[in-house]
Structure formats: C-alpha cells, structure tokens
$ cat input.csv   # CSV, C-alpha atoms
chain,number,residue,atom,x,y,z
L,109,GLU,CA,-0.1,-11.6,15.3
L,110,VAL,CA,-0.3,-8.0,16.2
L,111,ASN,CA,-2.7,-6.5,18.8
L,112,ILE,CA,-3.9,-3.0,18.2
L,113,LEU,CA,-5.6,-1.1,21.0
L,114,LYS,CA,-7.7,2.0,20.4
L,115,LEU,CA,-8.4,4.1,23.4
L,116,ALA,CA,-11.2,6.7,23.7
L,117,ALA,CA,-10.0,10.2,24.1
L,118,LYS,CA,-11.9,10.9,27.4
L,119,SER,CA,-12.2,7.5,29.0
L,120,SER,CA,-9.7,4.6,29.1
L,121,SER,CA,-12.5,2.2,29.9
L,122,ASN,CA,-13.8,2.5,26.3
L,123,ALA,CA,-11.1,0.6,24.5
L,124,GLU,CA,-11.3,-1.4,21.3
L,125,CYS,CA,-8.8,-4.1,20.7
L,126,ARG,CA,-8.2,-6.0,17.4
L,127,THR,CA,-5.9,-8.9,16.7
L,128,ILE,CA,-4.4,-8.8,13.2
L,129,SER,CA,-2.5,-11.7,11.7
L,130,VAL,CA,0.6,-10.6,9.8
L,131,ARG,CA,2.8,-13.2,8.2
L,132,GLY,CA,6.0,-13.1,6.3
L,133,THR,CA,7.8,-16.1,4.8
L,134,GLU,CA,7.6,-19.5,6.5
L,135,ASP,CA,10.7,-18.8,8.7
L,136,ASN,CA,9.5,-15.4,9.8
L,137,ALA,CA,6.8,-16.3,12.3
L,138,PHE,CA,8.6,-14.5,15.2
L,139,ILE,CA,8.3,-10.8,15.4
L,140,ILE,CA,11.4,-9.0,16.8
L,141,GLN,CA,10.2,-5.5,16.9
L,142,ALA,CA,7.1,-3.4,15.9
L,143,LYS,CA,6.8,0.3,15.9
L,144,PHE,CA,4.4,3.0,14.7
L,145,VAL,CA,6.0,5.9,12.7
L,146,LEU,CA,4.3,9.1,11.4
L,147,ILE,CA,5.1,10.2,7.9
L,148,GLN,CA,3.2,13.2,6.4
L,149,SER,CA,0.4,12.8,9.0
L,150,THR,CA,0.0,9.1,8.0
L,151,ALA,CA,0.6,6.3,10.6
L,152,LEU,CA,2.6,3.4,9.4
L,153,LEU,CA,3.4,0.2,11.3
L,154,VAL,CA,6.9,-1.1,10.7
L,155,ILE,CA,7.3,-4.8,11.7
L,156,LEU,CA,10.7,-6.5,11.8
L,157,PHE,CA,10.9,-10.3,11.3
L,158,PHE,CA,14.1,-12.3,11.3
L,159,ASN,CA,14.6,-12.0,7.6
L,160,GLU,CA,12.0,-9.5,6.5
L,161,ILE,CA,10.7,-6.0,7.0
L,162,GLN,CA,7.0,-5.3,6.6
L,163,ILE,CA,5.5,-1.8,6.4
L,164,LEU,CA,1.8,-1.5,6.8
L,165,LEU,CA,-0.6,1.5,6.6
L,166,LEU,CA,-2.9,2.0,9.6
L,167,ASP,CA,-6.5,2.8,8.6
L,168,ASN,CA,-8.7,2.9,11.7
L,169,LEU,CA,-8.1,-0.5,13.2
L,170,THR,CA,-7.1,-2.2,9.9
L,171,LEU,CA,-3.6,-2.7,8.4
L,172,GLN,CA,-3.0,-2.5,4.7
L,173,PRO,CA,0.3,-3.9,3.4
L,174,VAL,CA,2.5,-1.3,1.8
L,175,LEU,CA,5.9,-2.9,1.5
L,176,ASN,CA,7.5,-6.3,2.1
L,177,TYR,CA,11.3,-6.2,2.0
L,178,SER,CA,13.5,-9.3,2.3
L,179,LEU,CA,16.8,-9.0,4.2
L,180,LEU,CA,18.2,-12.3,3.0
L,181,GLU,CA,19.7,-10.7,-0.2
L,182,TYR,CA,22.0,-8.5,2.0
L,183,ASN,CA,22.4,-10.5,5.2
L,184,VAL,CA,24.2,-13.6,4.1
L,185,LEU,CA,26.4,-14.4,7.1
L,186,ASP,CA,29.1,-17.0,7.3
L,187,ASP,CA,29.1,-17.4,11.0
L,188,GLY,CA,25.7,-19.1,11.3
L,189,THR,CA,24.0,-16.0,12.7
L,190,ASP,CA,20.4,-15.5,11.7
L,191,PRO,CA,19.8,-12.2,9.9
L,192,CYS,CA,18.1,-9.9,12.3
L,193,ALA,CA,17.2,-6.2,12.1
L,194,HIS,CA,17.0,-3.8,15.1
L,195,GLY,CA,16.0,-0.2,15.4
L,196,ILE,CA,13.2,1.8,13.7
L,197,ALA,CA,12.9,5.5,13.2
L,198,ALA,CA,11.3,8.0,10.9
L,199,PHE,CA,12.8,11.3,9.8
L,200,ASP,CA,11.3,13.7,7.2
L,201,THR,CA,9.9,11.4,4.5
L,202,SER,CA,12.1,8.4,5.2
L,203,ILE,CA,12.0,5.3,7.4
L,204,LEU,CA,15.3,3.9,8.8
L,205,VAL,CA,15.6,0.3,9.9
L,206,GLY,CA,18.8,-1.2,11.5
L,207,GLY,CA,20.2,-4.5,10.4
L,208,VAL,CA,23.2,-6.8,10.9
L,209,ASP,CA,26.8,-6.0,9.8
L,210,GLY,CA,26.3,-2.3,10.3
L,211,ARG,CA,23.7,-1.8,7.6
L,212,ILE,CA,20.8,0.8,8.0
L,213,PHE,CA,18.0,0.4,5.4
L,214,VAL,CA,16.4,3.6,4.2
L,215,PHE,CA,12.9,3.6,2.8
L,216,ASP,CA,11.4,6.7,1.0
L,217,CYS,CA,7.8,7.6,1.4
L,218,PHE,CA,5.8,9.7,-1.0
L,219,SER,CA,2.1,10.5,-1.7
L,220,GLY,CA,0.4,8.3,-4.3
L,221,ALA,CA,-2.9,8.6,-6.0
L,222,GLU,CA,-4.8,7.3,-3.0
L,223,ASN,CA,-2.3,6.3,-0.2
L,224,LEU,CA,1.2,6.8,0.9
L,225,ASN,CA,3.7,4.8,-1.1
L,226,VAL,CA,6.9,3.4,0.4
L,227,VAL,CA,10.0,2.2,-1.7
L,228,PHE,CA,13.4,1.0,-0.8
L,229,LYS,CA,16.0,3.8,-1.3
L,230,ASP,CA,19.4,3.2,0.1
L,231,ILE,CA,21.7,1.3,2.6
L,232,LEU,CA,23.8,3.3,5.0
L,233,ARG,CA,27.1,1.5,5.7
L,234,LYS,CA,29.0,3.6,8.2
L,235,HIS,CA,28.7,1.2,11.1
L,236,GLU,CA,30.9,-1.9,11.4
L,237,SER,CA,28.8,-4.1,13.6
L,238,HIS,CA,25.1,-5.0,14.1
L,239,ILE,CA,22.8,-2.0,14.7
L,240,ILE,CA,21.0,-2.1,18.0
L,241,ASP,CA,19.0,1.1,18.1
L,242,ILE,CA,18.0,4.1,16.0
L,243,HIS,CA,16.3,7.2,17.3
L,244,SER,CA,15.2,10.6,15.9
L,245,ASP,CA,13.6,13.9,16.8
L,246,GLN,CA,12.6,16.8,14.6
L,247,ASN,CA,16.2,17.7,13.8
L,248,HIS,CA,18.4,14.7,14.3
L,249,VAL,CA,18.8,11.0,13.5
L,250,ILE,CA,21.2,8.9,15.6
L,251,SER,CA,22.2,5.2,15.5
L,252,CYS,CA,24.2,2.9,17.6
L,253,ASP,CA,25.8,-0.5,17.0
L,254,VAL,CA,26.8,-3.4,19.3
L,255,SER,CA,30.4,-2.1,19.6
L,256,GLY,CA,29.0,1.1,21.2
L,257,THR,CA,29.8,3.4,18.2
L,258,ILE,CA,27.2,6.2,18.0
L,259,ILE,CA,26.6,8.2,14.7
L,260,VAL,CA,24.7,11.4,14.4
L,261,TRP,CA,23.4,11.7,10.8
L,262,ASN,CA,23.2,14.7,8.6
L,263,TYR,CA,20.2,14.8,6.2
L,264,CYS,CA,20.5,17.1,3.1
L,265,ASP,CA,18.9,16.9,-0.4
L,266,GLY,CA,17.4,13.5,0.4
L,267,LYS,CA,20.8,11.9,1.4
L,268,TYR,CA,22.3,10.9,4.8
L,269,SER,CA,25.9,11.5,5.7
L,270,VAL,CA,27.8,11.3,9.0
L,271,ARG,CA,27.7,14.5,11.0
L,272,VAL,CA,29.3,13.4,14.2
L,273,LYS,CA,30.7,10.0,15.3
L,274,PHE,CA,31.2,9.1,19.0
L,275,ASP,CA,33.7,6.3,19.6
L,276,PRO,CA,32.7,3.2,21.7
L,277,VAL,CA,33.5,2.8,25.4
L,278,PRO,CA,35.9,-0.2,25.8
L,279,SER,CA,34.2,-3.2,27.5
L,280,ASP,CA,31.0,-1.1,28.1
L,281,PRO,CA,28.9,-1.2,24.9
L,282,CYS,CA,25.8,1.0,24.4
L,283,THR,CA,22.4,-0.8,24.7
L,284,CYS,CA,20.0,2.0,23.6
L,285,ILE,CA,20.0,5.7,22.7
L,286,CYS,CA,17.9,8.8,22.5
L,287,VAL,CA,18.3,12.3,21.1
L,288,LEU,CA,16.9,15.5,22.4
L,289,ASN,CA,17.8,18.9,21.0
L,290,GLN,CA,21.6,19.0,21.0
L,291,PHE,CA,22.1,16.0,23.3
L,292,VAL,CA,22.6,12.3,22.7
L,293,VAL,CA,21.7,10.1,25.7
L,294,ALA,CA,23.3,6.7,25.7
L,295,ALA,CA,22.5,3.8,28.1
L,296,LEU,CA,25.4,1.4,28.7
L,297,SER,CA,25.5,-2.3,29.5
L,298,THR,CA,26.9,-1.6,33.0
L,299,GLY,CA,23.9,0.6,34.0
L,300,LYS,CA,25.6,4.0,33.2
L,301,LEU,CA,24.1,6.9,31.3
L,302,ARG,CA,26.3,9.0,29.1
L,303,ILE,CA,25.3,12.4,27.6
L,304,TYR,CA,27.1,13.7,24.5
L,305,GLY,CA,26.9,17.1,23.0
L,306,ILE,CA,26.3,17.1,19.2
L,307,ASP,CA,27.6,20.6,18.5
L,308,LYS,CA,30.6,20.1,20.9
L,309,LYS,CA,31.2,16.6,19.6
L,310,ARG,CA,32.3,15.2,22.9
L,311,LEU,CA,31.1,13.5,26.1
L,312,LEU,CA,29.5,16.0,28.5
L,313,SER,CA,28.4,13.9,31.5
L,314,GLU,CA,28.3,10.4,32.8
L,315,ALA,CA,26.2,9.0,35.7
L,316,ILE,CA,25.7,5.6,37.3
L,317,ALA,CA,22.0,5.2,36.9
L,318,HIS,CA,21.5,1.4,37.6
L,319,ALA,CA,23.4,-1.5,38.9
L,320,LYS,CA,22.8,-3.6,35.8
L,321,CYS,CA,22.3,-3.3,32.0
L,322,ILE,CA,19.8,-0.6,30.9
L,323,THR,CA,17.4,-2.1,28.3
L,324,ALA,CA,15.2,0.9,27.5
L,325,LEU,CA,15.5,4.7,27.4
L,326,ASP,CA,13.3,7.6,26.3
L,327,VAL,CA,13.1,11.4,26.5
L,328,CYS,CA,10.2,13.8,27.1
L,329,PRO,CA,10.5,16.7,24.7
L,330,LEU,CA,7.9,18.8,26.6
L,331,ASN,CA,10.0,19.4,29.7
L,332,ASN,CA,13.4,18.0,28.6
L,333,LEU,CA,13.3,15.1,31.0
L,334,ARG,CA,15.5,12.1,30.2

$ encode --input "input.csv" --output "structure tokens"
Amino acid sequence: EVNILKLAAKSSSNAECRTISVRGTEDNAFIIQAKFVLIQSTALLVILFFNEIQILLLDNLTLQPVLNYSLLEYNVLDDGTDPCAHGIAAFDTSILVGGVDGRIFVFDCFSGAENLNVVFKDILRKHESHIIDIHSDQNHVISCDVSGTIIVWNYCDGKYSVRVKFDPVPSDPCTCICVLNQFVVAALSTGKLRIYGIDKKRLLSEAIAHAKCITALDVCPLNNLR
C-alpha cells in the first residue's frame, strides 16, 4: 500500500490522505523504494519492488498505472541474492532506476494522445556492482554503486555516456550521493562526507561529519546548503 498526503497551501491542518493499494506479482508485496519524479510538468510515482518496477501517473489523489517492468529477465543471479533495485532519478525526459550487477534502467517519457507515455529504452552498464543511489539536478546525473564508484553521466542526443568516474575509497564505500552545480557530495559508511569537483575531476574536500554510517543526504539548491 502507498499513502498519499495532500496538504493545503496555506494550512497544514487541512490535509487529505488516501491509501492506495499497488500490487505487483505475488512475490513483490514488499516495497523497497517509492519516489515522485516530475517529467514535462507531470508527476509520476516510481515504485520499486524486489523484482519489478512500477511507474504510475498521479492525477489529484489517484494513481493510474503507466508501466510495469519486470527485473527478473535481467537479474538472474547465481549467488542466491534476490534481485533488488535501488536509486530513482529523472533527467530531461527520462527516468533512471538502479539495479543489481551495476545495471541502470532507463525509461523514456513522451506525450501521448491523452497522458504521458513511458517506455523502456536502455540499460547502462558502466558500474560493476549493485547500484545504491542515483541523483540528478538540472544539469547532471550521478550514480554510485556498493563498491563506492561514482559516475557522472553525460546526456547528449538522447543517450547517456560516462563524463567523469571517481574511483572508490578502499574499505569505506559510499552510501548515498547528491549533486549540486559542479559538485558531487558523497556520504561514506564511516560517517565521512566527500566533495568532488566535476570539472576538476578530483576530490576537493573531506570532512568527518558523523561517528557512524550516513544513510541519507540532500542538498538545498536555493542557498547551496549541503
């Protein structure tokens, strides 16, 4: 189930909540991640199950299924690990979803007769281990895998290619990432924060922010806070 909360613009006391049942295949009852993305002024909810990606169109407080995409065709693992996708981001007219074995699934969005249409487009395979986070701003898309490798993607003529690749930190993998202007901010499992320069293609700064693993990270574009 997914709970959608709609807040009034002037008063937080006037809130409307609706619980919507979303179901995949029988083994997909557990939702790993859900995130709203905005494509061409249209809000889409991307829901990640263990073996499936669902993309739904938000219309007021109702969700209309747009695409169900199975991951089992690509995520056949020999080590007994359940296929599991991590990381959601939108850039230009595409939605990117991270998966196991370094795959990033790319979905293309385009205007249909009535609603926005979403179709599977490509798989990016430049990572070598499971994707743990994907983030984007108006000019950049970045991704990180469990080894700590960070990739800044270049987008041109509808295709993604590697622009910059930052090597992992031995024994201190990245847990989540953000991008703001020309900076990549990476949180590490030891509680450190690292700031990389995209144009300079190197580490700029490192700080001990917490005593233990950082599990979430965000940026504020309005005043450049991280």

$ residues_around --input "input.csv" --residues "L:Thr150" --least-positions-apart "5" --cutoff "8 Å" --atoms "only C-alpha atoms" --output "PDB file with C-alpha atoms, in the coordinates of the input"
ATOM      1  CA  LEU L 165      -0.600   1.500   6.600  1.00  0.00           C
ATOM      2  CA  LEU L 166      -2.900   2.000   9.600  1.00  0.00           C
ATOM      3  CA  LEU L 224       1.200   6.800   0.900  1.00  0.00           C
TER       4      LEU L 224
END

$ atom_distance --input "input.csv" --atom1 "atom CA of L:Asp280" --atom2 "atom CA of L:Tyr268"
27.6 Å

$ closest_residue --input "input.csv" --among "L:Asp245, L:Asp216, L:Glu124, L:Glu160" --to "L:Ile140" --atoms "only C-alpha atoms"
L:Glu160

$ atom_distance --input "input.csv" --atom1 "atom CA of L:Val205" --atom2 "atom CA of L:Ser178"
12.4 Å

$ atom_distance --input "input.csv" --atom1 "atom CA of L:Leu169" --atom2 "atom CA of L:Ser149"
16.3 Å

$ residues_around --input "input.csv" --residues "L:Leu301" --least-positions-apart "3" --cutoff "9 Å" --atoms "all atoms listed in the file" --output "JSON, numbers by chain"
{"L": [293, 294, 295, 296, 313, 314, 315, 316, 317, 318, 322]}

$ write_last_selection --input "input.csv" --atoms "C-alpha atoms" --output "PDB file, keeping the file's coordinate frame"
ATOM      1  CA  VAL L 293      21.700  10.100  25.700  1.00  0.00           C
ATOM      2  CA  ALA L 294      23.300   6.700  25.700  1.00  0.00           C
ATOM      3  CA  ALA L 295      22.500   3.800  28.100  1.00  0.00           C
ATOM      4  CA  LEU L 296      25.400   1.400  28.700  1.00  0.00           C
ATOM      5  CA  SER L 313      28.400  13.900  31.500  1.00  0.00           C
ATOM      6  CA  GLU L 314      28.300  10.400  32.800  1.00  0.00           C
ATOM      7  CA  ALA L 315      26.200   9.000  35.700  1.00  0.00           C
ATOM      8  CA  ILE L 316      25.700   5.600  37.300  1.00  0.00           C
ATOM      9  CA  ALA L 317      22.000   5.200  36.900  1.00  0.00           C
ATOM     10  CA  HIS L 318      21.500   1.400  37.600  1.00  0.00           C
ATOM     11  CA  ILE L 322      19.800  -0.600  30.900  1.00  0.00           C
TER      12      ILE L 322
END

$ closest_residue --input "input.csv" --among "L:Gln246, L:Asn262, L:Asn176, L:Ser219" --to "L:Leu288" --atoms "all atoms listed in the file"
L:Gln246

$ closest_residue --input "input.csv" --among "L:Leu312, L:Cys282, L:Val174, L:Leu204" --to "L:Ser244" --atoms "all atoms listed in the file"
L:Leu204

$ residues_around --input "input.csv" --residues "stretch 236-241 of chain L" --least-positions-apart "4" --cutoff "7 Å" --atoms "all atoms listed in the file" --output "NGL selection string"
:L and (194-195 or 206-210 or 251-255 or 283-285)

$ closest_residue --input "input.csv" --among "L:Pro281, L:Thr127, L:Val214, L:Ile242" --to "L:Asp326" --atoms "only C-alpha atoms"
L:Ile242

$ residues_near_point --input "input.csv" --point "(5.5, -7.9, 16.4)" --cutoff "10 Å" --atoms "all atoms listed in the file" --output "VMD selection string"
chain L and resid 109 to 111 130 137 to 143 153 to 157

$ residues_around --input "input.csv" --residues "L:Tyr263" --least-positions-apart "2" --cutoff "10 Å" --atoms "only C-alpha atoms" --output "number ranges by chain"
L: 199-200, 247-249, 260-261, 265-271

$ write_last_selection --input "input.csv" --atoms "C-alpha atoms" --output "short mmCIF file (atom, residue, chain, number, x, y, z; two decimals), in the frame of the given file"
data_model
loop_
_atom_site.label_atom_id
_atom_site.label_comp_id
_atom_site.auth_asym_id
_atom_site.auth_seq_id
_atom_site.Cartn_x
_atom_site.Cartn_y
_atom_site.Cartn_z
CA PHE L 199 12.80 11.30 9.80
CA ASP L 200 11.30 13.70 7.20
CA ASN L 247 16.20 17.70 13.80
CA HIS L 248 18.40 14.70 14.30
CA VAL L 249 18.80 11.00 13.50
CA VAL L 260 24.70 11.40 14.40
CA TRP L 261 23.40 11.70 10.80
CA ASP L 265 18.90 16.90 -0.40
CA GLY L 266 17.40 13.50 0.40
CA LYS L 267 20.80 11.90 1.40
CA TYR L 268 22.30 10.90 4.80
CA SER L 269 25.90 11.50 5.70
CA VAL L 270 27.80 11.30 9.00
CA ARG L 271 27.70 14.50 11.00
#

$ closest_residue --input "input.csv" --among "L:Ile196, L:Gln162, L:Cys264, L:Ser279" --to "L:Val227" --atoms "all atoms listed in the file"
L:Gln162

$ residues_around --input "input.csv" --residues "L:Ile306" --least-positions-apart "6" --cutoff "8 Å" --atoms "only C-alpha atoms" --output "number ranges by chain"
L: 260, 272, 290-292

$ closest_residue --input "input.csv" --among "L:Arg211, L:Arg302, L:His243, L:Lys229" --to "L:Val287" --atoms "all atoms listed in the file"
L:His243
